[in-house]
Amino acid sequence: MSKLSGIPETMLITLWAKAEEAKKEPPIFVDKKSLELINMIDYDFSKFKKSWLSQLGVAIRTKLIDDAVSDFISRKSEGVIINIGAGLDTRFERLNCKGLRYWYDIDLTESIAIRRRFFNESNRNKFIDKSIFDLSWIAEIEANDSPVMIIAEGVLMYFDKDRVKFILEALGENFPKAEMIIDTIPSFMAGKAKHHDSVKTLKRDNSDIIEFKWALDKPTMIEEMCSKIMLLNAWNYYDYYKKRWSWFGLINKIPWIRSRLSCRTIHFRFD
């Protein structure tokens, strides 16, 4: 883990945030697998101890995506989930996935190598170690006529608009009628990763700088990225667990500030 850097290292922020949520009273959710992994991994997670905004944001984002995925599974029998940028995500273990046909976890080779140390691959839960921009991974997905949901949690904001557009168009072309869940940041945060409460603690050498490159100020803007996209729903994090946001929640009641700082989970379909 000490050799991790760049975008792959951000998986440890998400892992820490999910494990930390179990210590809250009451918790938004309890992720026993993340708690287990935190105790097994040799890494200085104490660097995130002041990152309470990130922790809460990840917890709410996780809950929103969990609910959307659970709803998809209940609506679509024998469905297929494609989890882009899986890292050490524990959603397959945490949710009731009995109705699914396949769950695919996709990430870079180094990230999947780490994942294989802590998770068991199976006939239903398959790992693919490729960049999402290497479209050869699409041929490994056995979807046929099955309903498909694609998850990209904590991924797309690290790539520029052209690359995001490229992958969305490829997904729309290859998985017609698929649903997709992503999270977005406002343009105010673009280019400011060095000020982010958790990302700023990660290694930032000249060869592998982590930066926020893509943002959306309005959910409807996602439809401009690809002609096949139809927005289904969007959830603003600040509308949930309001007491947990403390003083930051009060600030976000001011309309012009709220519009500039809103982070969202977005649900759409490729039509």
# chains A, B, ... in the order shown; residues from 1 in each chain; ligands from 1
$ closest_atom_pairs --of "stretch 99-169 of chain A" --to "stretch 11-33 of chain A" --cutoff "12 Å" --atoms "only C-alpha atoms" --output "JSON lines"
{"residue": "A:Asp107", "atom": "CA", "partner": "A:Met11", "partner_atom": "CA", "distance": 10.7}
{"residue": "A:Leu108", "atom": "CA", "partner": "A:Met11", "partner_atom": "CA", "distance": 11.7}
{"residue": "A:Glu110", "atom": "CA", "partner": "A:Met11", "partner_atom": "CA", "distance": 11.8}
{"residue": "A:Ser111", "atom": "CA", "partner": "A:Met11", "partner_atom": "CA", "distance": 8.6}
{"residue": "A:Ile112", "atom": "CA", "partner": "A:Met11", "partner_atom": "CA", "distance": 11.3}
{"residue": "A:Ile114", "atom": "CA", "partner": "A:Met11", "partner_atom": "CA", "distance": 10.6}
{"residue": "A:Arg115", "atom": "CA", "partner": "A:Met11", "partner_atom": "CA", "distance": 10.4}
{"residue": "A:Phe118", "atom": "CA", "partner": "A:Lys33", "partner_atom": "CA", "distance": 9.6}
{"residue": "A:Phe119", "atom": "CA", "partner": "A:Lys33", "partner_atom": "CA", "distance": 9.8}
{"residue": "A:Glu153", "atom": "CA", "partner": "A:Thr14", "partner_atom": "CA", "distance": 9.7}
{"residue": "A:Gly154", "atom": "CA", "partner": "A:Thr14", "partner_atom": "CA", "distance": 8.3}
{"residue": "A:Val155", "atom": "CA", "partner": "A:Met11", "partner_atom": "CA", "distance": 9.8}
$ residues_around --residues "stretch 187-195 of chain A" --least-positions-apart "4" --cutoff "6 Å" --atoms "only C-alpha atoms" --output "list in words"
Lys200, Glu211, Phe212, Lys213 and Ala215 of chain A
$ write_last_selection --atoms "N, CA, C and O atoms" --output "mmCIF file, in the first residue's frame"
data_model
loop_
_atom_site.group_PDB
_atom_site.id
_atom_site.type_symbol
_atom_site.label_atom_id
_atom_site.label_comp_id
_atom_site.auth_asym_id
_atom_site.auth_seq_id
_atom_site.Cartn_x
_atom_site.Cartn_y
_atom_site.Cartn_z
ATOM 1 N N LYS A 200 -5.902 16.191 -0.436
ATOM 2 C CA LYS A 200 -4.656 16.945 -0.266
ATOM 3 C C LYS A 200 -3.633 16.200 0.586
ATOM 4 O O LYS A 200 -2.440 16.523 0.550
ATOM 5 N N GLU A 211 -5.919 15.431 -9.556
ATOM 6 C CA GLU A 211 -6.636 16.695 -9.705
ATOM 7 C C GLU A 211 -8.078 16.458 -10.125
ATOM 8 O O GLU A 211 -8.380 15.490 -10.823
ATOM 9 N N PHE A 212 -8.969 17.339 -9.682
ATOM 10 C CA PHE A 212 -10.366 17.317 -10.123
ATOM 11 C C PHE A 212 -10.440 18.045 -11.465
ATOM 12 O O PHE A 212 -10.104 19.228 -11.553
ATOM 13 N N LYS A 213 -10.880 17.347 -12.502
ATOM 14 C CA LYS A 213 -10.854 17.929 -13.842
ATOM 15 C C LYS A 213 -12.232 18.105 -14.476
ATOM 16 O O LYS A 213 -12.390 18.900 -15.395
ATOM 17 N N ALA A 215 -16.485 18.605 -13.915
ATOM 18 C CA ALA A 215 -17.515 19.009 -12.954
ATOM 19 C C ALA A 215 -18.811 19.328 -13.684
ATOM 20 O O ALA A 215 -18.823 19.611 -14.877
#
$ select_by_dssp --residues "stretch 68-265 of chain A" --states "strand (DSSP E)" --output "ChimeraX atom specification"
/A:79-84,100-107,125-129,148-152,179-184,229-236,264-265
$ write_last_selection --atoms "C-alpha atoms" --output "mmCIF file, in the first residue's frame"
data_model
loop_
_atom_site.group_PDB
_atom_site.id
_atom_site.type_symbol
_atom_site.label_atom_id
_atom_site.label_comp_id
_atom_site.auth_asym_id
_atom_site.auth_seq_id
_atom_site.Cartn_x
_atom_site.Cartn_y
_atom_site.Cartn_z
ATOM 1 C CA GLY A 79 -29.522 -8.024 -14.173
ATOM 2 C CA VAL A 80 -25.826 -7.208 -14.671
ATOM 3 C CA ILE A 81 -23.860 -4.650 -12.634
ATOM 4 C CA ILE A 82 -20.677 -3.058 -14.027
ATOM 5 C CA ASN A 83 -18.708 -1.347 -11.250
ATOM 6 C CA ILE A 84 -16.142 1.018 -12.803
ATOM 7 C CA LEU A 100 -28.157 -10.640 -10.165
ATOM 8 C CA ARG A 101 -26.713 -12.576 -13.069
ATOM 9 C CA TYR A 102 -23.226 -11.015 -12.907
ATOM 10 C CA TRP A 103 -21.367 -8.304 -11.030
ATOM 11 C CA TYR A 104 -18.186 -7.005 -12.707
ATOM 12 C CA ASP A 105 -15.556 -5.020 -10.781
ATOM 13 C CA ILE A 106 -13.273 -3.082 -13.148
ATOM 14 C CA ASP A 107 -10.127 -1.141 -12.272
ATOM 15 C CA ASN A 125 -18.524 -11.577 -9.197
ATOM 16 C CA LYS A 126 -15.785 -11.144 -11.803
ATOM 17 C CA PHE A 127 -12.753 -8.837 -11.795
ATOM 18 C CA ILE A 128 -11.385 -7.081 -14.888
ATOM 19 C CA ASP A 129 -7.964 -5.410 -14.628
ATOM 20 C CA VAL A 148 -27.485 -3.448 -17.094
ATOM 21 C CA MET A 149 -26.577 -0.887 -14.430
ATOM 22 C CA ILE A 150 -23.181 0.830 -14.526
ATOM 23 C CA ILE A 151 -21.666 2.406 -11.401
ATOM 24 C CA ALA A 152 -18.855 4.976 -11.517
ATOM 25 C CA GLU A 179 -28.834 2.669 -16.391
ATOM 26 C CA MET A 180 -25.847 4.474 -14.882
ATOM 27 C CA ILE A 181 -25.043 6.009 -11.508
ATOM 28 C CA ILE A 182 -22.247 8.580 -11.137
ATOM 29 C CA ASP A 183 -21.263 11.271 -8.662
ATOM 30 C CA THR A 184 -20.413 14.824 -9.649
ATOM 31 C CA ILE A 229 -28.439 10.084 -22.136
ATOM 32 C CA MET A 230 -31.760 10.722 -20.406
ATOM 33 C CA LEU A 231 -31.577 12.006 -16.827
ATOM 34 C CA LEU A 232 -33.717 10.006 -14.408
ATOM 35 C CA ASN A 233 -32.872 11.456 -11.012
ATOM 36 C CA ALA A 234 -30.342 13.501 -9.053
ATOM 37 C CA TRP A 235 -29.693 13.718 -5.332
ATOM 38 C CA ASN A 236 -27.962 16.639 -3.610
ATOM 39 C CA ARG A 264 -24.615 15.140 -6.331
ATOM 40 C CA THR A 265 -25.258 11.552 -7.260
#
$ closest_residue --among "A:Met157, A:Val69, A:Leu171, A:Val199" --to "A:Lys47" --atoms "only C-alpha atoms"
A:Val199
$ select_by_dssp --residues "stretch 17-63 of chain A" --states "helix (DSSP H, G or I)" --output "ChimeraX atom specification"
/A:17-21,32-40,45-48,52-63
$ closest_residue --among "A:Arg124, A:Pro176, A:Pro186, A:Ile210" --to "A:Gly6" --atoms "only C-alpha atoms"
A:Ile210
$ atom_distance --atom1 "atom CA of A:Ser77" --atom2 "atom CA of A:Ile132"
26.0 Å
$ atom_distance --atom1 "atom CA of A:Gly99" --atom2 "atom CA of A:Glu78"
5.8 Å
$ closest_residue --among "A:Asn144, A:Ser122, A:Ser54, A:Ser34" --to "A:Arg94" --atoms "only C-alpha atoms"
A:Ser34
$ residues_around --residues "A:Lys228" --least-positions-apart "6" --cutoff "8 Å" --atoms "only C-alpha atoms" --output "list in words"
Glu169, Gly172, Arg269, Phe270 and Asp271 of chain A
$ atom_distance --atom1 "atom CA of A:Glu142" --atom2 "atom CA of A:Phe175"
11.1 Å
$ closest_residue --among "A:Glu173, A:Asp197, A:Glu121, A:Glu140" --to "A:Ser51" --atoms "only C-alpha atoms"
A:Asp197
